[in-house]
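Engineer: Got target_25.cif for you, mmCIF, C-alpha atoms; chains and numbers go by the auth columns:
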data_entry
#
loop_
_atom_site.group_PDB
_atom_site.id
_atom_site.type_symbol
_atom_site.label_atom_id
_atom_site.label_comp_id
_atom_site.label_asym_id
_atom_site.label_seq_id
_atom_site.Cartn_x
_atom_site.Cartn_y
_atom_site.Cartn_z
_atom_site.B_iso_or_equiv
_atom_site.auth_seq_id
_atom_site.auth_asym_id
ATOM 1 C CA MET A 1 -41.909 10.308 30.535 0.00 10 A
ATOM 2 C CA SER A 2 -38.413 9.898 31.953 0.00 11 A
ATOM 3 C CA ILE A 3 -35.940 12.359 30.461 0.00 12 A
ATOM 4 C CA ASN A 4 -32.436 13.340 31.469 0.00 13 A
ATOM 5 C CA PHE A 5 -32.911 17.071 30.949 0.00 14 A
ATOM 6 C CA GLU A 6 -29.216 17.818 31.496 0.00 15 A
ATOM 7 C CA THR A 7 -27.971 15.719 28.579 0.00 16 A
ATOM 8 C CA ILE A 8 -30.781 15.531 26.018 0.00 17 A
ATOM 9 C CA PHE A 9 -30.144 17.124 22.591 0.00 18 A
ATOM 10 C CA LEU A 10 -26.414 17.679 23.062 0.00 19 A
ATOM 11 C CA LYS A 11 -25.228 14.817 20.852 0.00 20 A
ATOM 12 C CA ASP A 12 -26.225 13.868 17.329 0.00 21 A
ATOM 13 C CA GLY A 13 -28.961 11.274 17.219 0.00 22 A
ATOM 14 C CA GLU A 14 -30.459 12.037 20.613 0.00 23 A
ATOM 15 C CA ASN A 15 -34.214 12.321 20.307 0.00 24 A
ATOM 16 C CA CYS A 16 -37.400 12.687 22.253 0.00 25 A
ATOM 17 C CA SER A 17 -41.044 12.145 21.308 0.00 26 A
ATOM 18 C CA PHE A 18 -44.089 14.029 22.547 0.00 27 A
ATOM 19 C CA LYS A 19 -47.507 12.456 22.223 0.00 28 A
ATOM 20 C CA ASN A 20 -49.512 15.628 22.580 0.00 29 A
ATOM 21 C CA LYS A 21 -49.404 19.340 23.366 0.00 30 A
ATOM 22 C CA ASP A 22 -49.706 18.820 27.124 0.00 31 A
ATOM 23 C CA GLU A 23 -46.684 16.521 27.179 0.00 32 A
ATOM 24 C CA LEU A 24 -44.544 19.028 25.299 0.00 33 A
ATOM 25 C CA ALA A 25 -45.825 21.892 27.472 0.00 34 A
ATOM 26 C CA ALA A 26 -44.781 20.024 30.622 0.00 35 A
ATOM 27 C CA PHE A 27 -41.346 19.441 29.098 0.00 36 A
ATOM 28 C CA LEU A 28 -40.975 23.140 28.277 0.00 37 A
ATOM 29 C CA ASP A 29 -42.028 24.149 31.789 0.00 38 A
ATOM 30 C CA THR A 30 -38.942 22.341 33.056 0.00 39 A
ATOM 31 C CA VAL A 31 -36.426 23.699 30.547 0.00 40 A
ATOM 32 C CA PHE A 32 -37.711 27.278 30.906 0.00 41 A
ATOM 33 C CA GLN A 33 -37.048 27.409 34.645 0.00 42 A
ATOM 34 C CA ASP A 34 -34.823 30.216 35.908 0.00 43 A
ATOM 35 C CA ASN A 35 -31.283 28.815 35.902 0.00 44 A
ATOM 36 C CA GLY A 36 -32.822 25.653 34.547 0.00 45 A
ATOM 37 C CA PRO A 37 -31.110 22.633 32.998 0.00 46 A
ATOM 38 C CA TRP A 38 -30.810 24.224 29.537 0.00 47 A
ATOM 39 C CA GLU A 39 -29.049 27.402 30.633 0.00 48 A
ATOM 40 C CA PRO A 40 -25.731 27.314 28.706 0.00 49 A
ATOM 41 C CA PRO A 41 -22.596 27.112 30.866 0.00 50 A
ATOM 42 C CA ALA A 42 -20.047 29.922 30.714 0.00 51 A
ATOM 43 C CA ARG A 43 -17.587 30.018 27.815 0.00 52 A
ATOM 44 C CA ASN A 44 -14.757 29.021 30.160 0.00 53 A
ATOM 45 C CA ASN A 45 -16.801 26.274 31.791 0.00 54 A
ATOM 46 C CA GLY A 46 -17.358 23.813 28.981 0.00 55 A
ATOM 47 C CA ARG A 47 -19.842 25.612 26.777 0.00 56 A
ATOM 48 C CA LYS A 48 -20.258 24.021 23.379 0.00 57 A
ATOM 49 C CA THR A 49 -22.207 25.107 20.329 0.00 58 A
ATOM 50 C CA SER A 50 -24.769 22.427 21.091 0.00 59 A
ATOM 51 C CA HIS A 51 -25.619 24.138 24.398 0.00 60 A
ATOM 52 C CA ARG A 52 -26.652 27.324 22.604 0.00 61 A
ATOM 53 C CA GLU A 53 -28.501 25.357 19.921 0.00 62 A
ATOM 54 C CA ARG A 54 -30.476 23.495 22.569 0.00 63 A
ATOM 55 C CA TYR A 55 -31.147 26.683 24.531 0.00 64 A
ATOM 56 C CA CYS A 56 -32.711 28.280 21.448 0.00 65 A
ATOM 57 C CA LEU A 57 -34.634 25.133 20.488 0.00 66 A
ATOM 58 C CA ARG A 58 -36.930 25.661 23.479 0.00 67 A
ATOM 59 C CA TYR A 59 -38.132 28.984 22.043 0.00 68 A
ATOM 60 C CA PHE A 60 -38.971 27.357 18.721 0.00 69 A
ATOM 61 C CA LEU A 61 -40.894 24.544 20.424 0.00 70 A
ATOM 62 C CA LYS A 62 -42.808 26.993 22.613 0.00 71 A
ATOM 63 C CA LEU A 63 -43.695 29.261 19.696 0.00 72 A
ATOM 64 C CA ASN A 64 -45.073 26.275 17.768 0.00 73 A
ATOM 65 C CA LEU A 65 -46.695 24.456 20.685 0.00 74 A
ATOM 66 C CA GLU A 66 -50.200 24.985 19.304 0.00 75 A
ATOM 67 C CA ALA A 67 -49.220 24.528 15.650 0.00 76 A
ATOM 68 C CA PHE A 68 -47.608 21.073 15.684 0.00 77 A
ATOM 69 C CA SER A 69 -49.508 18.050 14.401 0.00 78 A
ATOM 70 C CA TYR A 70 -48.886 15.545 17.194 0.00 79 A
ATOM 71 C CA PRO A 71 -47.194 13.284 17.960 0.00 80 A
ATOM 72 C CA ILE A 72 -43.833 14.882 17.161 0.00 81 A
ATOM 73 C CA ARG A 73 -40.296 13.558 17.348 0.00 82 A
ATOM 74 C CA VAL A 74 -37.398 15.953 17.944 0.00 83 A
ATOM 75 C CA THR A 75 -33.931 14.726 16.941 0.00 84 A
ATOM 76 C CA LYS A 76 -30.555 16.397 17.477 0.00 85 A
ATOM 77 C CA SER A 77 -28.917 16.425 14.105 0.00 86 A
ATOM 78 C CA GLU A 78 -26.102 17.980 12.149 0.00 87 A
ATOM 79 C CA ARG A 79 -26.837 20.131 9.121 0.00 88 A
ATOM 80 C CA PRO A 80 -29.507 21.094 10.164 0.00 89 A
ATOM 81 C CA ASP A 81 -29.154 21.257 13.937 0.00 90 A
ATOM 82 C CA PHE A 82 -32.527 19.621 14.632 0.00 91 A
ATOM 83 C CA LEU A 83 -35.093 17.597 12.743 0.00 92 A
ATOM 84 C CA ILE A 84 -38.701 17.654 13.921 0.00 93 A
ATOM 85 C CA THR A 85 -41.049 15.077 12.409 0.00 94 A
ATOM 86 C CA ASP A 86 -44.753 15.449 13.093 0.00 95 A
ATOM 87 C CA GLY A 87 -47.694 13.065 13.109 0.00 96 A
ATOM 88 C CA GLU A 88 -48.331 13.596 9.407 0.00 97 A
ATOM 89 C CA GLY A 89 -44.780 12.692 8.418 0.00 98 A
ATOM 90 C CA VAL A 90 -43.714 16.279 7.737 0.00 99 A
ATOM 91 C CA THR A 91 -40.097 16.978 8.713 0.00 100 A
ATOM 92 C CA LEU A 92 -38.915 20.437 9.694 0.00 101 A
ATOM 93 C CA GLY A 93 -35.210 21.243 9.586 0.00 102 A
ATOM 94 C CA VAL A 94 -34.310 23.738 12.326 0.00 103 A
ATOM 95 C CA GLU A 95 -31.016 25.620 11.951 0.00 104 A
ATOM 96 C CA HIS A 96 -29.621 27.894 14.671 0.00 105 A
ATOM 97 C CA THR A 97 -27.347 30.900 14.330 0.00 106 A
ATOM 98 C CA ASP A 98 -26.115 33.593 16.706 0.00 107 A
ATOM 99 C CA ALA A 99 -26.017 37.156 15.432 0.00 108 A
ATOM 100 C CA GLY A 100 -24.457 40.295 16.839 0.00 109 A
ATOM 101 C CA PRO A 101 -21.351 42.437 16.344 0.00 110 A
ATOM 102 C CA GLU A 102 -18.178 40.410 16.788 0.00 111 A
ATOM 103 C CA SER A 103 -16.598 43.013 19.068 0.00 112 A
ATOM 104 C CA TYR A 104 -19.620 42.867 21.344 0.00 113 A
ATOM 105 C CA GLN A 105 -19.297 39.089 21.538 0.00 114 A
ATOM 106 C CA ARG A 106 -15.663 39.481 22.604 0.00 115 A
ATOM 107 C CA TRP A 107 -16.783 41.962 25.262 0.00 116 A
ATOM 108 C CA LEU A 108 -19.329 39.440 26.587 0.00 117 A
ATOM 109 C CA ALA A 109 -16.614 36.778 26.652 0.00 118 A
ATOM 110 C CA GLN A 110 -14.411 39.057 28.757 0.00 119 A
ATOM 111 C CA ILE A 111 -17.214 39.540 31.269 0.00 120 A
ATOM 112 C CA GLU A 112 -17.620 35.780 31.655 0.00 121 A
ATOM 113 C CA GLU A 113 -13.911 35.088 31.915 0.00 122 A
ATOM 114 C CA SER A 114 -12.703 37.867 34.216 0.00 123 A
ATOM 115 C CA GLY A 115 -15.698 39.747 35.561 0.00 124 A
ATOM 116 C CA GLU A 116 -16.905 43.210 34.585 0.00 125 A
ATOM 117 C CA PRO A 117 -14.404 44.706 32.102 0.00 126 A
ATOM 118 C CA SER A 118 -12.877 48.112 32.695 0.00 127 A
ATOM 119 C CA PHE A 119 -13.739 49.344 29.209 0.00 128 A
ATOM 120 C CA TYR A 120 -16.378 49.157 26.538 0.00 129 A
ATOM 121 C CA PRO A 121 -15.020 48.026 23.148 0.00 130 A
ATOM 122 C CA ASN A 122 -14.596 50.313 20.175 0.00 131 A
ATOM 123 C CA ARG A 123 -15.238 49.093 16.632 0.00 132 A
ATOM 124 C CA ASP A 124 -11.983 47.082 16.736 0.00 133 A
ATOM 125 C CA GLY A 125 -12.793 45.513 20.091 0.00 134 A
ATOM 126 C CA LYS A 126 -10.090 47.602 21.809 0.00 135 A
ATOM 127 C CA ALA A 127 -10.340 49.884 24.831 0.00 136 A
ATOM 128 C CA SER A 128 -12.109 53.156 24.191 0.00 137 A
ATOM 129 C CA ASP A 129 -13.251 56.000 26.404 0.00 138 A
ATOM 130 C CA GLU A 130 -16.084 56.771 24.043 0.00 139 A
ATOM 131 C CA GLY A 131 -17.156 53.268 23.021 0.00 140 A
ATOM 132 C CA PHE A 132 -19.819 52.826 20.368 0.00 141 A
ATOM 133 C CA SER A 133 -22.535 55.308 19.671 0.00 142 A
ATOM 134 C CA GLY A 134 -25.984 53.781 19.403 0.00 143 A
ATOM 135 C CA THR A 135 -26.173 54.628 15.695 0.00 144 A
ATOM 136 C CA GLN A 136 -22.911 52.865 14.910 0.00 145 A
ATOM 137 C CA MET A 137 -23.930 49.804 16.869 0.00 146 A
ATOM 138 C CA TYR A 138 -27.349 49.764 15.200 0.00 147 A
ATOM 139 C CA ARG A 139 -25.818 49.789 11.706 0.00 148 A
ATOM 140 C CA GLU A 140 -23.261 47.172 12.669 0.00 149 A
ATOM 141 C CA ALA A 141 -25.889 44.939 14.227 0.00 150 A
ATOM 142 C CA ARG A 142 -28.136 45.162 11.160 0.00 151 A
ATOM 143 C CA ALA A 143 -25.237 44.260 8.848 0.00 152 A
ATOM 144 C CA ASP A 144 -24.245 41.329 11.047 0.00 153 A
ATOM 145 C CA ILE A 145 -27.796 40.007 11.269 0.00 154 A
ATOM 146 C CA ILE A 146 -28.271 40.044 7.517 0.00 155 A
ATOM 147 C CA GLY A 147 -24.780 38.608 6.944 0.00 156 A
ATOM 148 C CA SER A 148 -25.372 35.699 9.315 0.00 157 A
ATOM 149 C CA TRP A 149 -28.620 34.822 7.564 0.00 158 A
ATOM 150 C CA ILE A 150 -27.000 34.958 4.137 0.00 159 A
ATOM 151 C CA ARG A 151 -24.200 32.633 5.285 0.00 160 A
ATOM 152 C CA LYS A 152 -26.684 30.159 6.731 0.00 161 A
ATOM 153 C CA THR A 153 -28.752 30.205 3.544 0.00 162 A
ATOM 154 C CA GLY A 154 -25.601 29.314 1.650 0.00 163 A
ATOM 155 C CA SER A 155 -24.786 26.494 4.052 0.00 164 A
ATOM 156 C CA ILE A 156 -28.074 24.643 3.578 0.00 165 A
ATOM 157 C CA ASN A 157 -27.298 24.275 -0.123 0.00 166 A
ATOM 158 C CA LYS A 158 -23.966 22.578 0.419 0.00 167 A
ATOM 159 C CA TYR A 159 -23.449 18.858 -0.135 0.00 168 A
ATOM 160 C CA GLY A 160 -24.511 16.650 2.761 0.00 169 A
ATOM 161 C CA TYR A 161 -27.216 18.879 4.197 0.00 170 A
ATOM 162 C CA GLN A 162 -30.102 16.655 5.199 0.00 171 A
ATOM 163 C CA LYS A 163 -33.410 16.844 3.397 0.00 172 A
ATOM 164 C CA ALA A 164 -36.509 18.168 5.097 0.00 173 A
ATOM 165 C CA SER A 165 -39.964 19.316 4.044 0.00 174 A
ATOM 166 C CA SER A 166 -38.993 22.880 4.960 0.00 175 A
ATOM 167 C CA TYR A 167 -36.262 24.750 6.839 0.00 176 A
ATOM 168 C CA ILE A 168 -36.531 27.265 9.655 0.00 177 A
ATOM 169 C CA LEU A 169 -33.733 29.551 10.822 0.00 178 A
ATOM 170 C CA VAL A 170 -33.619 30.397 14.535 0.00 179 A
ATOM 171 C CA SER A 171 -31.523 33.536 15.043 0.00 180 A
ATOM 172 C CA TYR A 172 -30.428 34.483 18.559 0.00 181 A
ATOM 173 C CA LEU A 173 -29.448 38.168 18.724 0.00 182 A
ATOM 174 C CA GLN A 174 -26.832 39.455 21.153 0.00 183 A
ATOM 175 C CA SER A 175 -26.237 43.146 20.717 0.00 184 A
ATOM 176 C CA ASN A 176 -26.402 46.315 22.763 0.00 185 A
ATOM 177 C CA ALA A 177 -27.809 48.153 19.750 0.00 186 A
ATOM 178 C CA PRO A 178 -31.290 49.591 20.417 0.00 187 A
ATOM 179 C CA LEU A 179 -33.079 46.904 18.409 0.00 188 A
ATOM 180 C CA PHE A 180 -36.796 46.214 18.660 0.00 189 A
ATOM 181 C CA LEU A 181 -38.462 43.131 17.219 0.00 190 A
ATOM 182 C CA GLU A 182 -41.527 44.870 15.829 0.00 191 A
ATOM 183 C CA ARG A 183 -39.900 47.923 14.235 0.00 192 A
ATOM 184 C CA ASP A 184 -36.306 47.109 13.385 0.00 193 A
ATOM 185 C CA LEU A 185 -36.612 43.448 12.472 0.00 194 A
ATOM 186 C CA ASP A 186 -39.608 44.164 10.238 0.00 195 A
ATOM 187 C CA GLU A 187 -37.380 46.597 8.355 0.00 196 A
ATOM 188 C CA ILE A 188 -34.486 44.136 8.206 0.00 197 A
ATOM 189 C CA MET A 189 -36.772 41.366 6.954 0.00 198 A
ATOM 190 C CA SER A 190 -38.066 43.672 4.207 0.00 199 A
ATOM 191 C CA GLU A 191 -34.483 43.999 2.938 0.00 200 A
ATOM 192 C CA LEU A 192 -33.808 40.278 2.618 0.00 201 A
ATOM 193 C CA PRO A 193 -35.151 39.859 -0.948 0.00 202 A
ATOM 194 C CA ASP A 194 -32.618 42.478 -2.045 0.00 203 A
ATOM 195 C CA TYR A 195 -29.872 40.226 -0.670 0.00 204 A
ATOM 196 C CA LYS A 196 -31.421 37.167 -2.330 0.00 205 A
ATOM 197 C CA CYS A 197 -31.306 35.494 1.075 0.00 206 A
ATOM 198 C CA LEU A 198 -34.588 33.611 0.978 0.00 207 A
ATOM 199 C CA SER A 199 -34.591 32.513 -2.659 0.00 208 A
ATOM 200 C CA SER A 200 -31.773 31.221 -4.809 0.00 209 A
ATOM 201 C CA TYR A 201 -31.256 29.030 -7.842 0.00 210 A
ATOM 202 C CA ASN A 202 -28.787 26.212 -8.284 0.00 211 A
ATOM 203 C CA LYS A 203 -27.627 26.202 -11.904 0.00 212 A
ATOM 204 C CA MET A 204 -25.525 23.062 -11.435 0.00 213 A
ATOM 205 C CA ASN A 205 -28.523 20.738 -11.130 0.00 214 A
ATOM 206 C CA SER A 206 -31.265 23.039 -12.466 0.00 215 A
ATOM 207 C CA GLU A 207 -33.233 22.633 -9.254 0.00 216 A
ATOM 208 C CA GLN A 208 -34.609 25.279 -6.960 0.00 217 A
ATOM 209 C CA SER A 209 -32.145 25.595 -4.116 0.00 218 A
ATOM 210 C CA LYS A 210 -33.172 25.039 -0.532 0.00 219 A
ATOM 211 C CA SER A 211 -34.134 28.138 1.409 0.00 220 A
ATOM 212 C CA PHE A 212 -35.528 29.069 4.788 0.00 221 A
ATOM 213 C CA THR A 213 -39.303 29.393 4.701 0.00 222 A
ATOM 214 C CA LYS A 214 -39.336 31.085 8.090 0.00 223 A
ATOM 215 C CA VAL A 215 -36.905 33.073 10.246 0.00 224 A
ATOM 216 C CA MET A 216 -37.489 33.102 13.995 0.00 225 A
ATOM 217 C CA VAL A 217 -35.682 35.800 15.966 0.00 226 A
ATOM 218 C CA ILE A 218 -34.924 35.688 19.701 0.00 227 A
ATOM 219 C CA LEU A 219 -34.112 39.036 21.282 0.00 228 A
ATOM 220 C CA GLY A 220 -33.804 38.906 25.068 0.00 229 A
ATOM 221 C CA ASP A 221 -36.796 36.868 26.191 0.00 230 A
ATOM 222 C CA LYS A 222 -38.970 37.921 23.233 0.00 231 A
ATOM 223 C CA VAL A 223 -39.559 35.863 20.114 0.00 232 A
ATOM 224 C CA LYS A 224 -41.099 36.605 16.743 0.00 233 A
ATOM 225 C CA ALA A 225 -41.211 34.722 13.452 0.00 234 A
ATOM 226 C CA TRP A 226 -41.270 36.008 9.875 0.00 235 A
ATOM 227 C CA SER A 227 -42.298 33.897 6.861 0.00 236 A
#
How does the structure come out when it is put into structure tokens?
Structural biologist:
Amino acid sequence: MSINFETIFLKDGENCSFKNKDELAAFLDTVFQDNGPWEPPARNNGRKTSHRERYCLRYFLKLNLEAFSYPIRVTKSERPDFLITDGEGVTLGVEHTDAGPESYQRWLAQIEESGEPSFYPNRDGKASDEGFSGTQMYREARADIIGSWIRKTGSINKYGYQKASSYILVSYLQSNAPLFLERDLDEIMSELPDYKCLSSYNKMNSEQSKSFTKVMVILGDKVKAWS
């Protein structure tokens, strides 16, 4: 299987098929290398949204390596970000989102652009001797995570979003809050029904609106999925 690992899945329509689990596993071995071909470039060195989407796709493929009904075909798409069609004709729509306090994202951008910053941001992203306390950052991170999921749930019900058998949200968390997948994300997931994030109703056409049947969270190099 000849693949240009540097360019695959960066443009709409690009696709790749995997005949079996071993073929996909060999592919993932390559893209999971340290400083491998799917490591996103720096913000000031040509990074595009598609780089982050592709980077997170590898975690979804690895998590589902044993679950797919082969062969599968993975296609870079738009709304959702990827379509994965399996050997039984079932199509999964995979949507990616980043989550984390906006001020922390600006702080990360400063590191990439000019080296280690001389300050840690306060809640407005400005210089502060005290910075954030862990409790403040934890609350802010939780609110941002839930907010990003709500916005994405709204987006899949807009006109032009491609049809799929089901939709999966891949959420990449970037935060210095003391978050743990098992404890904190379980609690956050338990709150989602209160926000009506996973179930909604479209009164315009009297049809059940599309929703994410699964949320997969990436935190550092750890991954967990919630249904």
Engineer: Nearest to Asp38 (chain A): which of A:His105, A:Lys71, A:Lys172, A:Lys20 is it, counting only C-alpha atoms?
Structural biologist: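 The closest residue to Asp38 (chain A) is A:Lys71.
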Engineer: Return as a list in words the set of residues that the PyMOL selection byres ((chain A and resi 224) around 7) yields on the displayed structure.
Structural biologist: Ile177, Leu178, Val179, Phe221, Lys223, Met225, Val226, Ala234, Trp235 and Ser236 of chain A
Engineer: For region 11-13 of chain A, work out the shell of residues within 12 Å, counting all atoms listed in the file and skipping chain neighbours fewer than 4 positions away, then give it as a PDB file with C-alpha atoms, keeping the file's coordinate frame.
Structural biologist:
ATOM      1  CA  ILE A  17     -30.781  15.531  26.018  1.00  0.00           C
ATOM      2  CA  PHE A  18     -30.144  17.124  22.591  1.00  0.00           C
ATOM      3  CA  LEU A  19     -26.414  17.679  23.062  1.00  0.00           C
ATOM      4  CA  GLU A  23     -30.459  12.037  20.613  1.00  0.00           C
ATOM      5  CA  ASN A  24     -34.214  12.321  20.307  1.00  0.00           C
ATOM      6  CA  CYS A  25     -37.400  12.687  22.253  1.00  0.00           C
ATOM      7  CA  SER A  26     -41.044  12.145  21.308  1.00  0.00           C
ATOM      8  CA  PHE A  27     -44.089  14.029  22.547  1.00  0.00           C
ATOM      9  CA  GLU A  32     -46.684  16.521  27.179  1.00  0.00           C
ATOM     10  CA  ALA A  35     -44.781  20.024  30.622  1.00  0.00           C
ATOM     11  CA  PHE A  36     -41.346  19.441  29.098  1.00  0.00           C
ATOM     12  CA  THR A  39     -38.942  22.341  33.056  1.00  0.00           C
ATOM     13  CA  VAL A  40     -36.426  23.699  30.547  1.00  0.00           C
ATOM     14  CA  PRO A  46     -31.110  22.633  32.998  1.00  0.00           C
ATOM     15  CA  TRP A  47     -30.810  24.224  29.537  1.00  0.00           C
TER      16      TRP A  47
END
Engineer: Report, as AutoDock Vina command-line options, the centre and edge lengths in Å (one decimal) of the axis-aligned box enclosing every listed atom of region 19-35 of chain A, padded by 3 Å on each side.
Structural biologist:
--center_x -37.5 --center_y 16.6 --center_z 23.9 --size_x 30.5 --size_y 16.6 --size_z 19.4
Engineer: Residues within 9 Å of (-27.5, 28.2, 11.0), file coordinates, counting all atoms listed in the file: what are they? Give the list as a list in words.
Structural biologist: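 Applying the cut-off with all atoms listed in the file, one gets Arg88, Pro89, Asp90, Val103, Glu104, His105, Thr106, Asp107, Ser157, Trp158, Arg160, Lys161, Thr162, Ser164, Ile165, Leu178, Val179 and Ser180 of chain A.
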Engineer: Which value, in Å to one decimal, gives the distance between CA of Ser78 (chain A) and CA of Thr222 (chain A)?
Structural biologist: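 The value is 18.1 Å.
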Engineer: Using all atoms listed in the file for the distances, tell me which of A:Glu149, A:Asp230, A:Asp95, A:Glu15 is nearest to Asn73 (chain A).
Structural biologist: A:Asp95
Engineer: Residues within 12 Å of (-23.0, 28.3, 31.7), file coordinates, counting only C-alpha atoms: what are they? Give the list as a VMD selection string.
Structural biologist: chain A and resid 44 to 58 60 to 61 64 118 121 to 122
Engineer: Could those selected residues go to a file with C-alpha atoms, as an mmCIF file, in the coordinates of the input?
Structural biologist:
data_model
loop_
_atom_site.group_PDB
_atom_site.id
_atom_site.type_symbol
_atom_site.label_atom_id
_atom_site.label_comp_id
_atom_site.auth_asym_id
_atom_site.auth_seq_id
_atom_site.Cartn_x
_atom_site.Cartn_y
_atom_site.Cartn_z
ATOM 1 C CA ASN A 44 -31.283 28.815 35.902
ATOM 2 C CA GLY A 45 -32.822 25.653 34.547
ATOM 3 C CA PRO A 46 -31.110 22.633 32.998
ATOM 4 C CA TRP A 47 -30.810 24.224 29.537
ATOM 5 C CA GLU A 48 -29.049 27.402 30.633
ATOM 6 C CA PRO A 49 -25.731 27.314 28.706
ATOM 7 C CA PRO A 50 -22.596 27.112 30.866
ATOM 8 C CA ALA A 51 -20.047 29.922 30.714
ATOM 9 C CA ARG A 52 -17.587 30.018 27.815
ATOM 10 C CA ASN A 53 -14.757 29.021 30.160
ATOM 11 C CA ASN A 54 -16.801 26.274 31.791
ATOM 12 C CA GLY A 55 -17.358 23.813 28.981
ATOM 13 C CA ARG A 56 -19.842 25.612 26.777
ATOM 14 C CA LYS A 57 -20.258 24.021 23.379
ATOM 15 C CA THR A 58 -22.207 25.107 20.329
ATOM 16 C CA HIS A 60 -25.619 24.138 24.398
ATOM 17 C CA ARG A 61 -26.652 27.324 22.604
ATOM 18 C CA TYR A 64 -31.147 26.683 24.531
ATOM 19 C CA ALA A 118 -16.614 36.778 26.652
ATOM 20 C CA GLU A 121 -17.620 35.780 31.655
ATOM 21 C CA GLU A 122 -13.911 35.088 31.915
#
Engineer: Name the residues that the PyMOL selection byres ((chain A and resi 96) around 7) picks from the file above, as a ChimeraX atom specification, using the file's chain letters and numbers.
Structural biologist: /A:78-81,94-95,97-98
Engineer: Got time to write the residues from that selection, C-alpha atoms, as a PDB file, keeping the file's coordinate frame?
Structural biologist:
ATOM      1  CA  SER A  78     -49.508  18.050  14.401  1.00  0.00           C
ATOM      2  CA  TYR A  79     -48.886  15.545  17.194  1.00  0.00           C
ATOM      3  CA  PRO A  80     -47.194  13.284  17.960  1.00  0.00           C
ATOM      4  CA  ILE A  81     -43.833  14.882  17.161  1.00  0.00           C
ATOM      5  CA  THR A  94     -41.049  15.077  12.409  1.00  0.00           C
ATOM      6  CA  ASP A  95     -44.753  15.449  13.093  1.00  0.00           C
ATOM      7  CA  GLU A  97     -48.331  13.596   9.407  1.00  0.00           C
ATOM      8  CA  GLY A  98     -44.780  12.692   8.418  1.00  0.00           C
TER       9      GLY A  98
END
Engineer: Carefully work through the PyMOL selection byres ((chain A and resi 93) around 9) for this structure and note down the residues it includes, as an NGL selection string.
Structural biologist: :A and (81-85 or 91-92 or 94-95 or 99-103)
Engineer: Report, in Å to a single decimal, how far apart CA of Ser86 (chain A) and CA of Ala150 (chain A) are.
Structural biologist: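 The value is 28.7 Å.
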Engineer: Can you work out the spacing between CA of Ile155 (chain A) and CA of Tyr168 (chain A) in Å, to one decimal?
Structural biologist: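 Computed distance, CA of Ile155 (chain A) to CA of Tyr168 (chain A), equals 23.0 Å.
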Engineer: Return the single residue from A:Arg63, A:Gly163, A:Ala108, A:Val232 that is closest to Asp21 (chain A), with distances computed using only C-alpha atoms.
Structural biologist: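 Looking only at the distances to Asp21 (chain A), the closest residue turns out to be A:Arg63.
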Engineer: Which residue is closest to Phe14 (chain A)? Choose from A:Met198, A:Lys30, A:Gln42, A:Gly229 and count all atoms listed in the file.
Structural biologist: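 That would be A:Gln42, the residue with the smallest distance to Phe14 (chain A).
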